[in-house]
Amino acid sequence: MLHPLRSACMALLLAGSCAVAPPSLGQPGGIEPNAGTWKTWVISSGLDFRAPPPPDASATTAELEQLRDLVRRNDPQTYARIAFWDAGAPGYQWIELVNKRVFTGQPLPPSSHRIYTYMTMAMHDATIATWESKYFYKRPRPKEVDTSLTPVLPTPNSPSYPSEHAAAAGAAATVLAYFFPNEAASLQAMAEEQAQSRVQAGVQFPSGAAAGLALGRRVAERVIEAAKADGSEAKWTGAVPTGPCVWSGTNPGNVTLPNWKPILLTSPAEFRPSPPPDCRSEAVKAQTEAIRKYDRTFVSNSKA
């Protein structure tokens, strides 16, 4: 059975917080220590998006004091935010945000499947870049530096810097802001809230949250460049063909889709099926008559 991090990345969803602790801490085991080398969709590699170095020991001491104060001041509203953003993998709530828009019939841009595609690509690539930085810097978690600290959540068995939750948030919010520009400010506020929730939970340094947000946003900008170049904005200037056995009508839907740039296929025609039978053939006439005589019922109508 694949580890959840691997399964999630395969599905273009963001992985959970799972990786080995830094070898320097002396903790045994190793969960996906090479995740930072996995194949990316849009960015060149995780290495090419490595975060800048974390703060030094003196700055870490100051961060710990800030962290202890934040954890002491947590109130019920803060605990609720921590629990909300800790539900599922780091990208879970962003997927749910789009799901709710789809399922409740809220206004969406044309070809809204592109939102899922590019948002999950950004989170996937940001996760890989985050893991590359984590194992390069091997910065310990706050609890591993100060054993007197009592985090709200269990300390993940992975290096601290940068924050994977913050990277997911920065990536998702930036891509969503591209599709929903009027909501850019509120989306970025949500991203900052998710990043801060890990700090308030005591499992992340403030600098790790900030670095994760910045990394996620950098990755998202590359993904947005790819979205702008996929051909989806092209305007159709052709004409509807005429003649037997061809579609006829006005305002053809998705007529520019055959010219979009595929993500995995070599061309949109790579899996084109064989031609349909001639519309004037006896076989098609029989199929058409069967449809015409289909016994429609309440149940069949409701299924349709």
# chains A, B, ... in the order shown; residues from 1 in each chain; ligands from 1

call {"tool": "residues_around", "arguments": {"residues": "range 65-82 of chain A", "least_positions_apart": "5", "cutoff": "9 Å", "atoms": "only C-alpha atoms", "output": "list in words"}}
result
Thr60, Ala87, Pro142, Leu149, Thr150, Pro151, Val152, Leu153, Glu193, Gln194, Gln196, Ser197, Arg198, Val199, Gln200, Ala201, Gly202, Gln204, Phe205 and Pro206 of chain A

call {"tool": "closest_atom_pairs", "arguments": {"of": "range 126-239 of chain A", "to": "range 107-120 of chain A", "cutoff": "10 Å", "atoms": "only C-alpha atoms", "output": "Markdown table"}}
result
| residue | atom | partner | partner_atom | distance |
| --- | --- | --- | --- | --- |
| A:Ala126 | CA | A:Thr120 | CA | 9.6 |
| A:Ala168 | CA | A:Thr120 | CA | 9.2 |
| A:Ala171 | CA | A:Met119 | CA | 7.3 |
| A:Ala172 | CA | A:Met119 | CA | 5.4 |
| A:Ala173 | CA | A:Met119 | CA | 8.4 |
| A:Thr174 | CA | A:Met119 | CA | 8.6 |
| A:Val175 | CA | A:Met119 | CA | 5.7 |
| A:Leu176 | CA | A:Met119 | CA | 6.9 |
| A:Tyr178 | CA | A:Ile115 | CA | 9.4 |
| A:Phe179 | CA | A:Pro109 | CA | 7.0 |
| A:Phe180 | CA | A:Pro109 | CA | 8.1 |
| A:Ala220 | CA | A:Met119 | CA | 8.0 |
| A:Val223 | CA | A:Tyr118 | CA | 6.5 |
| A:Ile224 | CA | A:Tyr118 | CA | 7.6 |
| A:Ala226 | CA | A:Tyr118 | CA | 8.6 |
| A:Ala227 | CA | A:Tyr118 | CA | 7.1 |
| A:Ser232 | CA | A:Ser111 | CA | 8.5 |
| A:Glu233 | CA | A:Pro110 | CA | 10.0 |

call {"tool": "select_by_dssp", "arguments": {"residues": "range 62-266 of chain A", "states": "alpha helix (DSSP H)", "output": "ChimeraX atom specification"}}
result
/A:62-72,76-86,92-103,113-137,142-145,164-179,184-200,206-228

call {"tool": "residues_around", "arguments": {"residues": "range 52-59 of chain A", "least_positions_apart": "4", "cutoff": "8 Å", "atoms": "only C-alpha atoms", "output": "list of chain:residue names"}}
result
A:Glu63, A:Tyr137, A:Arg139, A:Tyr161, A:Ser207, A:Gly208, A:Ala211

call {"tool": "closest_residue", "arguments": {"among": "A:Ala166, A:Ala62, A:Ala189, A:Ala122", "to": "Val42 in chain A", "atoms": "only C-alpha atoms"}}
result
A:Ala122

call {"tool": "decode", "arguments": {"residues": "range 145-297 of chain A", "atoms": "C-alpha atoms", "output": "PDB file, in the first residue's frame"}}
result
ATOM      1  CA  VAL A 145      14.254  22.614  20.072  1.00  0.00           C
ATOM      2  CA  ASP A 146      12.325  23.429  23.240  1.00  0.00           C
ATOM      3  CA  THR A 147      10.950  20.327  24.945  1.00  0.00           C
ATOM      4  CA  SER A 148       9.009  22.484  27.419  1.00  0.00           C
ATOM      5  CA  LEU A 149       6.740  23.678  24.598  1.00  0.00           C
ATOM      6  CA  THR A 150       3.323  22.014  24.522  1.00  0.00           C
ATOM      7  CA  PRO A 151       1.958  22.062  20.952  1.00  0.00           C
ATOM      8  CA  VAL A 152      -1.755  21.924  20.265  1.00  0.00           C
ATOM      9  CA  LEU A 153      -1.226  19.245  17.618  1.00  0.00           C
ATOM     10  CA  PRO A 154       1.152  16.264  17.465  1.00  0.00           C
ATOM     11  CA  THR A 155       4.547  17.276  16.158  1.00  0.00           C
ATOM     12  CA  PRO A 156       4.947  15.906  12.600  1.00  0.00           C
ATOM     13  CA  ASN A 157       7.851  13.522  12.109  1.00  0.00           C
ATOM     14  CA  SER A 158       9.445  15.733   9.474  1.00  0.00           C
ATOM     15  CA  PRO A 159      11.827  18.687   9.208  1.00  0.00           C
ATOM     16  CA  SER A 160      10.256  22.024   9.986  1.00  0.00           C
ATOM     17  CA  TYR A 161      11.342  24.429   7.268  1.00  0.00           C
ATOM     18  CA  PRO A 162       9.465  25.522   5.202  1.00  0.00           C
ATOM     19  CA  SER A 163       5.863  24.833   6.214  1.00  0.00           C
ATOM     20  CA  GLU A 164       4.059  22.408   3.912  1.00  0.00           C
ATOM     21  CA  HIS A 165       0.665  23.780   4.959  1.00  0.00           C
ATOM     22  CA  ALA A 166       1.741  27.320   4.184  1.00  0.00           C
ATOM     23  CA  ALA A 167       3.132  26.251   0.807  1.00  0.00           C
ATOM     24  CA  ALA A 168      -0.169  24.588  -0.085  1.00  0.00           C
ATOM     25  CA  ALA A 169      -2.060  27.675   1.022  1.00  0.00           C
ATOM     26  CA  GLY A 170       0.117  30.079  -0.934  1.00  0.00           C
ATOM     27  CA  ALA A 171      -0.107  27.950  -4.069  1.00  0.00           C
ATOM     28  CA  ALA A 172      -3.857  27.374  -3.905  1.00  0.00           C
ATOM     29  CA  ALA A 173      -4.836  30.927  -3.019  1.00  0.00           C
ATOM     30  CA  THR A 174      -2.684  32.438  -5.762  1.00  0.00           C
ATOM     31  CA  VAL A 175      -4.092  30.168  -8.467  1.00  0.00           C
ATOM     32  CA  LEU A 176      -7.655  30.727  -7.246  1.00  0.00           C
ATOM     33  CA  ALA A 177      -7.073  34.483  -7.281  1.00  0.00           C
ATOM     34  CA  TYR A 178      -6.192  34.156 -10.968  1.00  0.00           C
ATOM     35  CA  PHE A 179      -9.585  32.572 -11.646  1.00  0.00           C
ATOM     36  CA  PHE A 180     -11.462  34.788  -9.166  1.00  0.00           C
ATOM     37  CA  PRO A 181      -9.607  38.131  -9.283  1.00  0.00           C
ATOM     38  CA  ASN A 182     -12.316  39.966  -7.352  1.00  0.00           C
ATOM     39  CA  GLU A 183     -11.685  37.652  -4.404  1.00  0.00           C
ATOM     40  CA  ALA A 184      -7.890  37.870  -4.400  1.00  0.00           C
ATOM     41  CA  ALA A 185      -7.669  39.704  -1.080  1.00  0.00           C
ATOM     42  CA  SER A 186      -9.948  37.296   0.807  1.00  0.00           C
ATOM     43  CA  LEU A 187      -8.189  34.257  -0.683  1.00  0.00           C
ATOM     44  CA  GLN A 188      -4.783  35.523   0.379  1.00  0.00           C
ATOM     45  CA  ALA A 189      -6.176  36.223   3.847  1.00  0.00           C
ATOM     46  CA  MET A 190      -7.300  32.585   4.009  1.00  0.00           C
ATOM     47  CA  ALA A 191      -3.822  31.439   2.982  1.00  0.00           C
ATOM     48  CA  GLU A 192      -2.223  33.512   5.715  1.00  0.00           C
ATOM     49  CA  GLU A 193      -4.725  32.142   8.216  1.00  0.00           C
ATOM     50  CA  GLN A 194      -3.820  28.556   7.322  1.00  0.00           C
ATOM     51  CA  ALA A 195      -0.111  29.307   7.571  1.00  0.00           C
ATOM     52  CA  GLN A 196      -0.551  31.046  10.911  1.00  0.00           C
ATOM     53  CA  SER A 197      -2.658  28.184  12.253  1.00  0.00           C
ATOM     54  CA  ARG A 198       0.408  25.922  12.213  1.00  0.00           C
ATOM     55  CA  VAL A 199       2.363  28.493  14.175  1.00  0.00           C
ATOM     56  CA  GLN A 200      -0.449  28.896  16.702  1.00  0.00           C
ATOM     57  CA  ALA A 201      -0.570  25.106  16.968  1.00  0.00           C
ATOM     58  CA  GLY A 202       3.066  25.168  18.050  1.00  0.00           C
ATOM     59  CA  VAL A 203       4.321  22.880  15.280  1.00  0.00           C
ATOM     60  CA  GLN A 204       5.844  25.520  13.004  1.00  0.00           C
ATOM     61  CA  PHE A 205       8.169  28.491  13.394  1.00  0.00           C
ATOM     62  CA  PRO A 206       6.843  31.830  12.075  1.00  0.00           C
ATOM     63  CA  SER A 207       9.704  32.004   9.564  1.00  0.00           C
ATOM     64  CA  GLY A 208       8.801  28.539   8.270  1.00  0.00           C
ATOM     65  CA  ALA A 209       5.221  29.642   7.675  1.00  0.00           C
ATOM     66  CA  ALA A 210       6.374  32.773   5.859  1.00  0.00           C
ATOM     67  CA  ALA A 211       8.829  30.807   3.711  1.00  0.00           C
ATOM     68  CA  GLY A 212       6.141  28.264   2.840  1.00  0.00           C
ATOM     69  CA  LEU A 213       3.724  30.969   1.726  1.00  0.00           C
ATOM     70  CA  ALA A 214       6.380  32.583  -0.443  1.00  0.00           C
ATOM     71  CA  LEU A 215       7.395  29.271  -1.988  1.00  0.00           C
ATOM     72  CA  GLY A 216       3.798  28.322  -2.775  1.00  0.00           C
ATOM     73  CA  ARG A 217       3.158  31.672  -4.413  1.00  0.00           C
ATOM     74  CA  ARG A 218       6.295  31.370  -6.547  1.00  0.00           C
ATOM     75  CA  VAL A 219       5.208  27.967  -7.790  1.00  0.00           C
ATOM     76  CA  ALA A 220       1.679  29.242  -8.445  1.00  0.00           C
ATOM     77  CA  GLU A 221       2.978  32.030 -10.679  1.00  0.00           C
ATOM     78  CA  ARG A 222       4.627  29.437 -12.916  1.00  0.00           C
ATOM     79  CA  VAL A 223       1.413  27.422 -13.000  1.00  0.00           C
ATOM     80  CA  ILE A 224      -0.575  30.520 -13.947  1.00  0.00           C
ATOM     81  CA  GLU A 225       1.849  31.118 -16.816  1.00  0.00           C
ATOM     82  CA  ALA A 226       1.066  27.597 -18.044  1.00  0.00           C
ATOM     83  CA  ALA A 227      -2.665  28.222 -17.682  1.00  0.00           C
ATOM     84  CA  LYS A 228      -2.419  31.386 -19.767  1.00  0.00           C
ATOM     85  CA  ALA A 229      -0.593  29.464 -22.510  1.00  0.00           C
ATOM     86  CA  ASP A 230      -2.881  26.410 -22.759  1.00  0.00           C
ATOM     87  CA  GLY A 231      -4.989  27.848 -25.583  1.00  0.00           C
ATOM     88  CA  SER A 232      -8.204  28.059 -23.562  1.00  0.00           C
ATOM     89  CA  GLU A 233      -8.562  31.784 -24.196  1.00  0.00           C
ATOM     90  CA  ALA A 234      -8.586  31.394 -27.988  1.00  0.00           C
ATOM     91  CA  LYS A 235     -11.626  32.757 -29.810  1.00  0.00           C
ATOM     92  CA  TRP A 236     -13.321  30.619 -32.451  1.00  0.00           C
ATOM     93  CA  THR A 237     -13.431  32.186 -35.901  1.00  0.00           C
ATOM     94  CA  GLY A 238     -14.445  29.166 -37.972  1.00  0.00           C
ATOM     95  CA  ALA A 239     -17.717  28.229 -39.626  1.00  0.00           C
ATOM     96  CA  VAL A 240     -20.078  25.361 -38.899  1.00  0.00           C
ATOM     97  CA  PRO A 241     -19.676  22.775 -41.689  1.00  0.00           C
ATOM     98  CA  THR A 242     -22.602  21.717 -43.818  1.00  0.00           C
ATOM     99  CA  GLY A 243     -23.559  18.422 -45.440  1.00  0.00           C
ATOM    100  CA  PRO A 244     -24.974  15.042 -44.417  1.00  0.00           C
ATOM    101  CA  CYS A 245     -23.939  13.356 -41.170  1.00  0.00           C
ATOM    102  CA  VAL A 246     -22.288  16.414 -39.594  1.00  0.00           C
ATOM    103  CA  TRP A 247     -23.426  18.464 -36.658  1.00  0.00           C
ATOM    104  CA  SER A 248     -25.256  21.645 -37.534  1.00  0.00           C
ATOM    105  CA  GLY A 249     -26.285  24.528 -35.331  1.00  0.00           C
ATOM    106  CA  THR A 250     -25.163  27.837 -33.899  1.00  0.00           C
ATOM    107  CA  ASN A 251     -22.798  28.773 -31.078  1.00  0.00           C
ATOM    108  CA  PRO A 252     -21.022  25.382 -30.972  1.00  0.00           C
ATOM    109  CA  GLY A 253     -20.030  24.505 -27.421  1.00  0.00           C
ATOM    110  CA  ASN A 254     -16.370  23.842 -26.571  1.00  0.00           C
ATOM    111  CA  VAL A 255     -15.446  24.253 -30.213  1.00  0.00           C
ATOM    112  CA  THR A 256     -11.932  25.474 -29.359  1.00  0.00           C
ATOM    113  CA  LEU A 257     -11.156  22.541 -27.035  1.00  0.00           C
ATOM    114  CA  PRO A 258      -9.450  20.434 -29.763  1.00  0.00           C
ATOM    115  CA  ASN A 259      -6.781  23.125 -29.951  1.00  0.00           C
ATOM    116  CA  TRP A 260      -6.052  23.282 -26.238  1.00  0.00           C
ATOM    117  CA  LYS A 261      -2.634  22.110 -25.098  1.00  0.00           C
ATOM    118  CA  PRO A 262      -2.942  18.686 -23.430  1.00  0.00           C
ATOM    119  CA  ILE A 263      -1.194  18.062 -20.140  1.00  0.00           C
ATOM    120  CA  LEU A 264      -0.309  14.400 -20.679  1.00  0.00           C
ATOM    121  CA  LEU A 265      -1.284  13.480 -24.240  1.00  0.00           C
ATOM    122  CA  THR A 266       0.944  14.227 -27.203  1.00  0.00           C
ATOM    123  CA  SER A 267      -2.080  15.675 -28.991  1.00  0.00           C
ATOM    124  CA  PRO A 268      -5.857  15.849 -28.462  1.00  0.00           C
ATOM    125  CA  ALA A 269      -6.246  13.289 -31.262  1.00  0.00           C
ATOM    126  CA  GLU A 270      -4.029  10.665 -29.629  1.00  0.00           C
ATOM    127  CA  PHE A 271      -6.981   8.521 -28.505  1.00  0.00           C
ATOM    128  CA  ARG A 272      -9.466   9.423 -31.211  1.00  0.00           C
ATOM    129  CA  PRO A 273     -11.960   6.552 -31.715  1.00  0.00           C
ATOM    130  CA  SER A 274     -12.742   5.068 -35.107  1.00  0.00           C
ATOM    131  CA  PRO A 275     -15.309   6.949 -37.225  1.00  0.00           C
ATOM    132  CA  PRO A 276     -19.003   6.472 -36.433  1.00  0.00           C
ATOM    133  CA  PRO A 277     -21.244   4.650 -38.914  1.00  0.00           C
ATOM    134  CA  ASP A 278     -22.824   6.640 -41.719  1.00  0.00           C
ATOM    135  CA  CYS A 279     -25.912   8.406 -40.386  1.00  0.00           C
ATOM    136  CA  ARG A 280     -27.870   7.105 -43.382  1.00  0.00           C
ATOM    137  CA  SER A 281     -27.016   3.462 -42.684  1.00  0.00           C
ATOM    138  CA  GLU A 282     -29.613   0.929 -41.562  1.00  0.00           C
ATOM    139  CA  ALA A 283     -27.757   0.450 -38.267  1.00  0.00           C
ATOM    140  CA  VAL A 284     -28.050   4.130 -37.330  1.00  0.00           C
ATOM    141  CA  LYS A 285     -31.657   4.234 -38.446  1.00  0.00           C
ATOM    142  CA  ALA A 286     -32.419   1.289 -36.162  1.00  0.00           C
ATOM    143  CA  GLN A 287     -30.627   2.931 -33.222  1.00  0.00           C
ATOM    144  CA  THR A 288     -32.489   6.166 -33.799  1.00  0.00           C
ATOM    145  CA  GLU A 289     -35.813   4.346 -33.882  1.00  0.00           C
ATOM    146  CA  ALA A 290     -34.942   2.550 -30.628  1.00  0.00           C
ATOM    147  CA  ILE A 291     -34.306   5.899 -28.967  1.00  0.00           C
ATOM    148  CA  ARG A 292     -37.554   7.289 -30.331  1.00  0.00           C
ATOM    149  CA  LYS A 293     -39.523   4.368 -28.926  1.00  0.00           C
ATOM    150  CA  TYR A 294     -37.739   4.220 -25.573  1.00  0.00           C
ATOM    151  CA  ASP A 295     -40.278   3.766 -22.791  1.00  0.00           C
ATOM    152  CA  ARG A 296     -39.731   6.826 -20.641  1.00  0.00           C
ATOM    153  CA  THR A 297     -40.794   6.567 -17.033  1.00  0.00           C
TER     154      THR A 297
END
